[in-house]
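Shown next: query.txt, given as compact mmCIF, N, CA and C atoms.
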# COMPACT_ATOMS: atom_id res chain seq x y z
N MET A 1 -147.00 88.62 -109.43
CA MET A 1 -147.56 89.02 -108.16
C MET A 1 -146.69 90.07 -107.48
N ILE A 2 -145.38 89.94 -107.57
CA ILE A 2 -144.48 90.90 -106.95
C ILE A 2 -144.62 92.26 -107.63
N ALA A 3 -144.72 92.27 -108.95
CA ALA A 3 -144.87 93.54 -109.67
C ALA A 3 -146.17 94.23 -109.29
N ASN A 4 -147.22 93.46 -109.09
CA ASN A 4 -148.51 94.04 -108.71
C ASN A 4 -148.42 94.65 -107.31
N THR A 5 -147.73 93.98 -106.39
CA THR A 5 -147.56 94.51 -105.04
C THR A 5 -146.76 95.80 -105.07
N SER A 6 -145.72 95.84 -105.87
CA SER A 6 -144.91 97.05 -105.96
C SER A 6 -145.69 98.20 -106.59
N ALA A 7 -146.54 97.90 -107.57
CA ALA A 7 -147.37 98.94 -108.19
C ALA A 7 -148.39 99.45 -107.18
N HIS A 8 -148.94 98.55 -106.36
CA HIS A 8 -149.90 98.96 -105.34
C HIS A 8 -149.22 99.85 -104.29
N THR A 9 -148.01 99.48 -103.87
CA THR A 9 -147.25 100.28 -102.90
C THR A 9 -146.93 101.65 -103.48
N THR A 10 -146.55 101.70 -104.76
CA THR A 10 -146.25 102.97 -105.40
C THR A 10 -147.50 103.84 -105.47
N HIS A 11 -148.63 103.24 -105.82
CA HIS A 11 -149.89 104.00 -105.88
C HIS A 11 -150.26 104.55 -104.50
N ARG A 12 -150.05 103.73 -103.47
CA ARG A 12 -150.37 104.16 -102.11
C ARG A 12 -149.47 105.31 -101.68
N SER A 13 -148.17 105.25 -102.00
CA SER A 13 -147.27 106.33 -101.62
C SER A 13 -147.58 107.60 -102.42
N ARG A 14 -147.98 107.43 -103.69
CA ARG A 14 -148.37 108.60 -104.50
C ARG A 14 -149.65 109.21 -103.93
N SER A 15 -150.56 108.37 -103.47
CA SER A 15 -151.80 108.88 -102.87
C SER A 15 -151.50 109.67 -101.60
N LYS A 16 -150.50 109.21 -100.84
CA LYS A 16 -150.09 109.95 -99.64
C LYS A 16 -149.57 111.34 -100.02
N VAL A 17 -148.83 111.42 -101.11
CA VAL A 17 -148.33 112.72 -101.58
C VAL A 17 -149.51 113.64 -101.84
N PHE A 18 -150.53 113.14 -102.53
CA PHE A 18 -151.71 113.94 -102.83
C PHE A 18 -152.42 114.39 -101.56
N VAL A 19 -152.71 113.44 -100.67
CA VAL A 19 -153.50 113.73 -99.47
C VAL A 19 -152.76 114.71 -98.56
N VAL A 20 -151.48 114.47 -98.33
CA VAL A 20 -150.71 115.35 -97.44
C VAL A 20 -150.58 116.74 -98.04
N THR A 21 -150.29 116.81 -99.34
CA THR A 21 -150.17 118.10 -100.00
C THR A 21 -151.47 118.88 -99.93
N PHE A 22 -152.56 118.24 -100.27
CA PHE A 22 -153.85 118.93 -100.26
C PHE A 22 -154.25 119.33 -98.84
N ALA A 23 -154.01 118.48 -97.86
CA ALA A 23 -154.36 118.79 -96.48
C ALA A 23 -153.58 120.01 -95.98
N LEU A 24 -152.27 120.03 -96.23
CA LEU A 24 -151.46 121.17 -95.80
C LEU A 24 -151.92 122.47 -96.45
N LEU A 25 -152.15 122.41 -97.75
CA LEU A 25 -152.54 123.63 -98.47
C LEU A 25 -153.96 124.06 -98.14
N ALA A 26 -154.86 123.11 -97.93
CA ALA A 26 -156.23 123.46 -97.54
C ALA A 26 -156.22 124.15 -96.17
N PHE A 27 -155.40 123.65 -95.25
CA PHE A 27 -155.27 124.28 -93.94
C PHE A 27 -154.72 125.70 -94.09
N ALA A 28 -153.70 125.87 -94.92
CA ALA A 28 -153.13 127.21 -95.14
C ALA A 28 -154.15 128.13 -95.80
N ASN A 29 -154.91 127.61 -96.79
CA ASN A 29 -155.94 128.42 -97.44
C ASN A 29 -157.00 128.86 -96.44
N ALA A 30 -157.41 127.96 -95.57
CA ALA A 30 -158.40 128.31 -94.55
C ALA A 30 -157.85 129.37 -93.60
N LEU A 31 -156.61 129.22 -93.20
CA LEU A 31 -155.98 130.19 -92.31
C LEU A 31 -155.87 131.56 -92.98
N CYS A 32 -155.49 131.58 -94.24
CA CYS A 32 -155.41 132.84 -94.99
C CYS A 32 -156.78 133.51 -95.09
N THR A 33 -157.80 132.71 -95.32
CA THR A 33 -159.16 133.25 -95.41
C THR A 33 -159.61 133.79 -94.06
N ILE A 34 -159.27 133.12 -92.98
CA ILE A 34 -159.63 133.61 -91.64
C ILE A 34 -158.92 134.94 -91.36
N ILE A 35 -157.64 135.03 -91.71
CA ILE A 35 -156.91 136.28 -91.53
C ILE A 35 -157.58 137.39 -92.34
N GLY A 36 -157.92 137.09 -93.58
CA GLY A 36 -158.60 138.07 -94.42
C GLY A 36 -159.97 138.45 -93.88
N TRP A 37 -160.68 137.49 -93.33
CA TRP A 37 -162.01 137.74 -92.80
C TRP A 37 -161.96 138.76 -91.66
N PHE A 38 -160.92 138.68 -90.82
CA PHE A 38 -160.80 139.61 -89.70
C PHE A 38 -160.37 141.01 -90.13
N TYR A 39 -159.67 141.12 -91.25
CA TYR A 39 -159.09 142.41 -91.63
C TYR A 39 -159.68 143.02 -92.90
N SER A 40 -160.59 142.35 -93.57
CA SER A 40 -161.09 142.87 -94.84
C SER A 40 -162.61 142.70 -94.92
N VAL A 41 -163.28 143.79 -95.22
CA VAL A 41 -164.73 143.74 -95.41
C VAL A 41 -165.07 142.89 -96.65
N ASP A 42 -164.24 142.99 -97.67
CA ASP A 42 -164.49 142.23 -98.90
C ASP A 42 -164.45 140.73 -98.65
N VAL A 43 -163.48 140.28 -97.86
CA VAL A 43 -163.38 138.84 -97.58
C VAL A 43 -164.58 138.37 -96.77
N LYS A 44 -165.08 139.22 -95.88
CA LYS A 44 -166.27 138.84 -95.10
C LYS A 44 -167.46 138.55 -96.00
N GLY A 45 -167.54 139.26 -97.13
CA GLY A 45 -168.65 139.03 -98.04
C GLY A 45 -168.41 137.94 -99.07
N TRP A 46 -167.17 137.71 -99.38
CA TRP A 46 -166.84 136.77 -100.47
C TRP A 46 -166.05 135.55 -100.01
N TRP A 47 -166.02 135.27 -98.71
CA TRP A 47 -165.15 134.22 -98.21
C TRP A 47 -165.43 132.85 -98.82
N GLN A 48 -166.69 132.55 -99.12
CA GLN A 48 -167.02 131.23 -99.68
C GLN A 48 -166.36 131.07 -101.06
N LEU A 49 -166.45 132.09 -101.88
CA LEU A 49 -165.84 132.04 -103.21
C LEU A 49 -164.32 132.00 -103.10
N ILE A 50 -163.76 132.82 -102.23
CA ILE A 50 -162.30 132.85 -102.05
C ILE A 50 -161.79 131.49 -101.60
N LEU A 51 -162.48 130.90 -100.64
CA LEU A 51 -162.08 129.58 -100.14
C LEU A 51 -162.23 128.51 -101.22
N GLY A 52 -163.33 128.58 -101.98
CA GLY A 52 -163.54 127.61 -103.05
C GLY A 52 -162.47 127.70 -104.13
N VAL A 53 -162.13 128.92 -104.54
CA VAL A 53 -161.09 129.09 -105.56
C VAL A 53 -159.73 128.64 -105.03
N SER A 54 -159.40 129.03 -103.80
CA SER A 54 -158.09 128.63 -103.27
C SER A 54 -158.01 127.12 -103.06
N PHE A 55 -159.10 126.49 -102.61
CA PHE A 55 -159.12 125.03 -102.49
C PHE A 55 -158.96 124.37 -103.87
N SER A 56 -159.60 124.92 -104.87
CA SER A 56 -159.50 124.36 -106.23
C SER A 56 -158.07 124.44 -106.75
N ILE A 57 -157.43 125.57 -106.52
CA ILE A 57 -156.03 125.72 -106.95
C ILE A 57 -155.14 124.75 -106.19
N SER A 58 -155.38 124.60 -104.90
CA SER A 58 -154.59 123.65 -104.10
C SER A 58 -154.83 122.22 -104.56
N PHE A 59 -156.06 121.90 -104.94
CA PHE A 59 -156.38 120.56 -105.45
C PHE A 59 -155.59 120.28 -106.73
N VAL A 60 -155.58 121.23 -107.65
CA VAL A 60 -154.83 121.06 -108.90
C VAL A 60 -153.34 120.92 -108.61
N TYR A 61 -152.82 121.73 -107.69
CA TYR A 61 -151.41 121.65 -107.30
C TYR A 61 -151.09 120.26 -106.73
N ALA A 62 -151.97 119.75 -105.85
CA ALA A 62 -151.76 118.43 -105.25
C ALA A 62 -151.79 117.33 -106.32
N VAL A 63 -152.68 117.45 -107.30
CA VAL A 63 -152.73 116.48 -108.40
C VAL A 63 -151.42 116.53 -109.20
N LEU A 64 -150.92 117.72 -109.45
CA LEU A 64 -149.66 117.84 -110.21
C LEU A 64 -148.49 117.23 -109.44
N LEU A 65 -148.46 117.42 -108.12
CA LEU A 65 -147.40 116.77 -107.34
C LEU A 65 -147.58 115.25 -107.34
N TYR A 66 -148.82 114.80 -107.31
CA TYR A 66 -149.11 113.37 -107.39
C TYR A 66 -148.57 112.79 -108.70
N LEU A 67 -148.67 113.55 -109.77
CA LEU A 67 -148.22 113.08 -111.09
C LEU A 67 -146.71 113.10 -111.24
N LEU A 68 -146.00 113.81 -110.38
CA LEU A 68 -144.54 113.81 -110.40
C LEU A 68 -144.05 112.51 -109.74
N LYS A 69 -143.95 111.48 -110.51
CA LYS A 69 -143.67 110.14 -109.98
C LYS A 69 -142.34 110.06 -109.22
N SER A 70 -141.36 110.86 -109.62
CA SER A 70 -140.05 110.76 -108.99
C SER A 70 -139.90 111.65 -107.76
N LEU A 71 -140.96 112.36 -107.37
CA LEU A 71 -140.91 113.20 -106.18
C LEU A 71 -141.28 112.36 -104.96
N SER A 72 -140.35 112.27 -104.01
CA SER A 72 -140.59 111.45 -102.82
C SER A 72 -141.60 112.14 -101.90
N LEU A 73 -142.17 111.37 -101.00
CA LEU A 73 -143.14 111.90 -100.05
C LEU A 73 -142.49 112.97 -99.18
N LEU A 74 -141.28 112.73 -98.73
CA LEU A 74 -140.58 113.70 -97.88
C LEU A 74 -140.39 115.03 -98.60
N ARG A 75 -139.93 114.97 -99.83
CA ARG A 75 -139.71 116.20 -100.60
C ARG A 75 -141.04 116.90 -100.88
N ALA A 76 -142.08 116.14 -101.14
CA ALA A 76 -143.40 116.74 -101.37
C ALA A 76 -143.90 117.44 -100.11
N VAL A 77 -143.68 116.83 -98.96
CA VAL A 77 -144.10 117.44 -97.69
C VAL A 77 -143.31 118.72 -97.43
N VAL A 78 -142.01 118.69 -97.69
CA VAL A 78 -141.18 119.87 -97.46
C VAL A 78 -141.62 121.02 -98.36
N VAL A 79 -141.81 120.74 -99.64
CA VAL A 79 -142.22 121.78 -100.59
C VAL A 79 -143.62 122.29 -100.25
N SER A 80 -144.52 121.40 -99.92
CA SER A 80 -145.90 121.81 -99.60
C SER A 80 -145.96 122.62 -98.30
N THR A 81 -145.16 122.23 -97.32
CA THR A 81 -145.12 122.99 -96.07
C THR A 81 -144.54 124.38 -96.31
N ALA A 82 -143.49 124.46 -97.11
CA ALA A 82 -142.91 125.76 -97.44
C ALA A 82 -143.92 126.64 -98.18
N LEU A 83 -144.67 126.05 -99.11
CA LEU A 83 -145.70 126.80 -99.82
C LEU A 83 -146.79 127.26 -98.86
N ALA A 84 -147.22 126.39 -97.96
CA ALA A 84 -148.26 126.75 -96.99
C ALA A 84 -147.79 127.92 -96.11
N VAL A 85 -146.55 127.87 -95.66
CA VAL A 85 -146.01 128.97 -94.85
C VAL A 85 -145.94 130.25 -95.67
N ALA A 86 -145.50 130.14 -96.92
CA ALA A 86 -145.43 131.32 -97.80
C ALA A 86 -146.81 131.93 -98.02
N LEU A 87 -147.83 131.10 -98.18
CA LEU A 87 -149.19 131.60 -98.36
C LEU A 87 -149.68 132.36 -97.13
N VAL A 88 -149.40 131.83 -95.95
CA VAL A 88 -149.83 132.49 -94.72
C VAL A 88 -149.06 133.79 -94.51
N VAL A 89 -147.76 133.77 -94.78
CA VAL A 89 -146.96 135.00 -94.66
C VAL A 89 -147.48 136.05 -95.65
N HIS A 90 -147.79 135.63 -96.86
CA HIS A 90 -148.34 136.55 -97.85
C HIS A 90 -149.65 137.16 -97.35
N ALA A 91 -150.53 136.34 -96.79
CA ALA A 91 -151.80 136.85 -96.27
C ALA A 91 -151.57 137.84 -95.14
N CYS A 92 -150.63 137.55 -94.26
CA CYS A 92 -150.32 138.48 -93.17
C CYS A 92 -149.81 139.80 -93.71
N LEU A 93 -148.88 139.75 -94.64
CA LEU A 93 -148.35 140.98 -95.23
C LEU A 93 -149.43 141.75 -95.98
N TYR A 94 -150.31 141.04 -96.64
CA TYR A 94 -151.36 141.66 -97.45
C TYR A 94 -152.41 142.35 -96.59
N TYR A 95 -152.85 141.68 -95.54
CA TYR A 95 -153.97 142.19 -94.76
C TYR A 95 -153.57 143.02 -93.54
N LEU A 96 -152.45 142.73 -92.92
CA LEU A 96 -152.13 143.36 -91.65
C LEU A 96 -151.54 144.77 -91.79
N ASP A 97 -150.92 145.10 -92.91
CA ASP A 97 -150.32 146.42 -93.06
C ASP A 97 -150.53 146.95 -94.48
N PRO A 98 -151.78 147.23 -94.83
CA PRO A 98 -152.03 147.72 -96.19
C PRO A 98 -151.54 149.17 -96.35
N PRO A 99 -151.10 149.52 -97.54
CA PRO A 99 -150.66 150.90 -97.76
C PRO A 99 -151.87 151.85 -97.84
N ASN A 100 -151.59 153.11 -97.80
CA ASN A 100 -152.62 154.12 -97.99
C ASN A 100 -152.86 154.22 -99.49
N TRP A 101 -153.92 153.54 -99.97
CA TRP A 101 -154.13 153.46 -101.41
C TRP A 101 -154.48 154.80 -102.04
N LEU A 102 -155.09 155.69 -101.27
CA LEU A 102 -155.40 157.02 -101.80
C LEU A 102 -154.10 157.77 -102.11
N ALA A 103 -153.14 157.70 -101.19
CA ALA A 103 -151.85 158.36 -101.41
C ALA A 103 -151.08 157.69 -102.55
N VAL A 104 -151.17 156.37 -102.64
CA VAL A 104 -150.48 155.65 -103.73
C VAL A 104 -151.09 156.03 -105.08
N ASN A 105 -152.40 156.03 -105.16
CA ASN A 105 -153.07 156.35 -106.42
C ASN A 105 -152.89 157.81 -106.84
N ASN A 106 -152.70 158.72 -105.86
CA ASN A 106 -152.46 160.13 -106.17
C ASN A 106 -150.99 160.41 -106.46
N GLY A 107 -150.13 159.41 -106.34
CA GLY A 107 -148.71 159.59 -106.63
C GLY A 107 -147.93 160.21 -105.48
N GLN A 108 -148.53 160.33 -104.31
CA GLN A 108 -147.84 160.91 -103.17
C GLN A 108 -146.93 159.91 -102.48
N VAL A 109 -147.26 158.64 -102.61
CA VAL A 109 -146.48 157.57 -101.99
C VAL A 109 -146.21 156.52 -103.06
N VAL A 110 -145.00 155.98 -103.02
CA VAL A 110 -144.63 154.92 -103.96
C VAL A 110 -144.48 153.63 -103.16
N LEU A 111 -145.04 152.56 -103.69
CA LEU A 111 -144.91 151.26 -103.03
C LEU A 111 -143.45 150.80 -103.07
N THR A 112 -143.01 150.15 -101.99
CA THR A 112 -141.68 149.55 -101.98
C THR A 112 -141.71 148.32 -102.88
N PRO A 113 -140.54 147.82 -103.28
CA PRO A 113 -140.54 146.60 -104.11
C PRO A 113 -141.27 145.42 -103.46
N ILE A 114 -141.13 145.28 -102.16
CA ILE A 114 -141.81 144.18 -101.47
C ILE A 114 -143.32 144.39 -101.52
N GLN A 115 -143.78 145.62 -101.28
CA GLN A 115 -145.21 145.91 -101.36
C GLN A 115 -145.74 145.68 -102.77
N THR A 116 -144.93 146.02 -103.77
CA THR A 116 -145.35 145.79 -105.15
C THR A 116 -145.59 144.32 -105.41
N VAL A 117 -144.74 143.48 -104.87
CA VAL A 117 -144.90 142.04 -105.04
C VAL A 117 -146.10 141.53 -104.24
N VAL A 118 -146.17 141.92 -102.98
CA VAL A 118 -147.24 141.43 -102.09
C VAL A 118 -148.62 141.84 -102.61
N PHE A 119 -148.75 143.07 -103.09
CA PHE A 119 -150.06 143.57 -103.51
C PHE A 119 -150.34 143.36 -105.00
N SER A 120 -149.47 142.61 -105.66
CA SER A 120 -149.71 142.25 -107.06
C SER A 120 -150.91 141.30 -107.12
N HIS A 121 -151.69 141.44 -108.18
CA HIS A 121 -152.84 140.54 -108.36
C HIS A 121 -152.40 139.11 -108.65
N TYR A 122 -151.15 138.93 -109.02
CA TYR A 122 -150.66 137.62 -109.42
C TYR A 122 -149.80 136.95 -108.35
N ALA A 123 -149.58 137.59 -107.21
CA ALA A 123 -148.68 137.05 -106.19
C ALA A 123 -149.13 135.68 -105.69
N PHE A 124 -150.42 135.53 -105.43
CA PHE A 124 -150.96 134.26 -104.93
C PHE A 124 -150.66 133.13 -105.90
N TYR A 125 -150.92 133.37 -107.19
CA TYR A 125 -150.70 132.35 -108.21
C TYR A 125 -149.21 132.12 -108.45
N ALA A 126 -148.43 133.19 -108.35
CA ALA A 126 -146.98 133.07 -108.56
C ALA A 126 -146.34 132.19 -107.49
N LEU A 127 -146.87 132.24 -106.27
CA LEU A 127 -146.34 131.37 -105.21
C LEU A 127 -146.53 129.90 -105.58
N TYR A 128 -147.72 129.56 -106.06
CA TYR A 128 -147.96 128.18 -106.48
C TYR A 128 -147.02 127.78 -107.62
N ALA A 129 -146.86 128.66 -108.59
CA ALA A 129 -145.98 128.36 -109.73
C ALA A 129 -144.53 128.20 -109.29
N LEU A 130 -144.09 129.08 -108.39
CA LEU A 130 -142.71 129.01 -107.89
C LEU A 130 -142.44 127.68 -107.19
N PHE A 131 -143.35 127.30 -106.31
CA PHE A 131 -143.14 126.06 -105.56
C PHE A 131 -143.38 124.81 -106.42
N LEU A 132 -144.21 124.91 -107.43
CA LEU A 132 -144.36 123.80 -108.36
C LEU A 132 -143.06 123.62 -109.14
N GLY A 133 -142.46 124.72 -109.57
CA GLY A 133 -141.16 124.65 -110.24
C GLY A 133 -140.10 124.04 -109.34
N LEU A 134 -140.10 124.42 -108.06
CA LEU A 134 -139.17 123.84 -107.10
C LEU A 134 -139.39 122.34 -106.96
N ALA A 135 -140.64 121.92 -106.93
CA ALA A 135 -140.96 120.48 -106.82
C ALA A 135 -140.46 119.72 -108.04
N VAL A 136 -140.61 120.32 -109.22
CA VAL A 136 -140.12 119.67 -110.45
C VAL A 136 -138.61 119.51 -110.39
N VAL A 137 -137.92 120.55 -109.94
CA VAL A 137 -136.46 120.46 -109.82
C VAL A 137 -136.08 119.39 -108.81
N LEU A 138 -136.73 119.38 -107.65
CA LEU A 138 -136.42 118.38 -106.63
C LEU A 138 -136.75 116.97 -107.09
N ALA A 139 -137.74 116.82 -107.94
CA ALA A 139 -138.09 115.49 -108.44
C ALA A 139 -136.99 114.93 -109.34
N HIS A 140 -136.21 115.81 -109.94
CA HIS A 140 -135.16 115.37 -110.85
C HIS A 140 -133.77 115.39 -110.24
N VAL A 141 -133.65 115.83 -108.99
CA VAL A 141 -132.37 115.79 -108.29
C VAL A 141 -132.24 114.40 -107.66
N PRO A 142 -131.16 113.71 -107.96
CA PRO A 142 -131.02 112.36 -107.39
C PRO A 142 -130.92 112.40 -105.87
N ARG A 143 -131.49 111.39 -105.25
CA ARG A 143 -131.40 111.28 -103.79
C ARG A 143 -130.00 110.87 -103.41
N SER A 144 -129.52 111.42 -102.30
CA SER A 144 -128.16 111.06 -101.86
C SER A 144 -128.18 109.66 -101.25
N SER A 145 -127.13 108.95 -101.49
CA SER A 145 -127.02 107.60 -100.90
C SER A 145 -125.95 107.62 -99.83
N HIS A 146 -126.26 107.03 -98.74
CA HIS A 146 -125.31 106.97 -97.61
C HIS A 146 -124.59 105.63 -97.66
N GLY A 147 -123.30 105.73 -97.87
CA GLY A 147 -122.58 104.48 -97.84
C GLY A 147 -121.76 104.33 -99.01
Please go through the file and, once you have read it, give me the structure as structure tokens.
Amino acid sequence: MIANTSAHTTHRSRSKVFVVTFALLAFANALCTIIGWFYSVDVKGWWQLILGVSFSISFVYAVLLYLLKSLSLLRAVVVSTALAVALVVHACLYYLDPPNWLAVNNGQVVLTPIQTVVFSHYAFYALYALFLGLAVVLAHVPRSSHG
């Protein structure tokens, strides 16, 4: 009976990791889509698809954090919050100050290294991969004991 109670408690805490992670990232995805909707004609037309894809990616990310059994709820919240902030910052950088693409494509202007990263087609996915890697590392770092 004690083992069953402990397994139930573990499942409940793992479920909290999933719910909190997905909620934070879904909120960030919605905020990114709203930012894009105000600044991009393309997002105004494709927002449903963009939101669906970003929610799907966040769902998979939350499931992967759920499966990291040794990742505590606190560490999952910290990593997920940092990812959510990074996603919103990326959206702001992407939509609020776009380069002059005509000048870039004609070779008159060169993107800075930061612009190259921000405007990369893979930046959004790379953020998820980076923070998933961080979560894996944190899951294997022993918790400090006081005393």
Show me, as a ChimeraX atom specification, the residues that have an atom within 8 Å of segment 65-79 of chain A when counting all atoms listed in the file, minus same-chain residues fewer than 5 positions from it. /A:13-21,59-60,84-85,131-132,134-136,138-141
Determine, counting only C-alpha atoms, which protein, DNA and RNA residues have an atom within 12 Å of an atom of Tyr125 of chain A; residues of the same chain fewer than 5 positions away are not included. Present the result as number ranges by chain. A: 53-54, 57-58, 61, 83, 86-87, 90, 117-118, 120, 130-132
Closest of A:Gln108, A:Phe38, A:Ala28, A:Pro142 to Thr81 of chain A, counting only C-alpha atoms, is A:Ala28
Select, from A:Ala82, A:Ile35, A:Ala30, A:Ile114, the residue with the minimum atom-to-atom distance to Leu96 of chain A, counting all atoms listed in the file.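 The shortest atom-to-atom distance to Leu96 of chain A comes from A:Ile35.
Our summary of the geometry notes that atom CA of Asn100 of chain A is positioned 20.7 Å from atom CA of Lys44 of chain A.
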For atom C of Ala126 of chain A and atom CA of Ala91 of chain A, determine how far apart the two atoms are, in Å to one decimal place.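 The value is 13.3 Å.
You will find atom CA of Leu25 of chain A at 7.8 Å from atom CA of Phe55 of chain A.
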Those in segment 42-121 of chain A with helix (DSSP H, G or I) from DSSP, as a ChimeraX atom specification: /A:42-67,73-96,101-105,113-118
Calculated over all atoms listed in the file, which of the candidates A:Gly133, A:Pro99, A:Phe22, A:Leu31 has the smallest distance to Val63 of chain A?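 Smallest distance to Val63 of chain A is found for A:Phe22.
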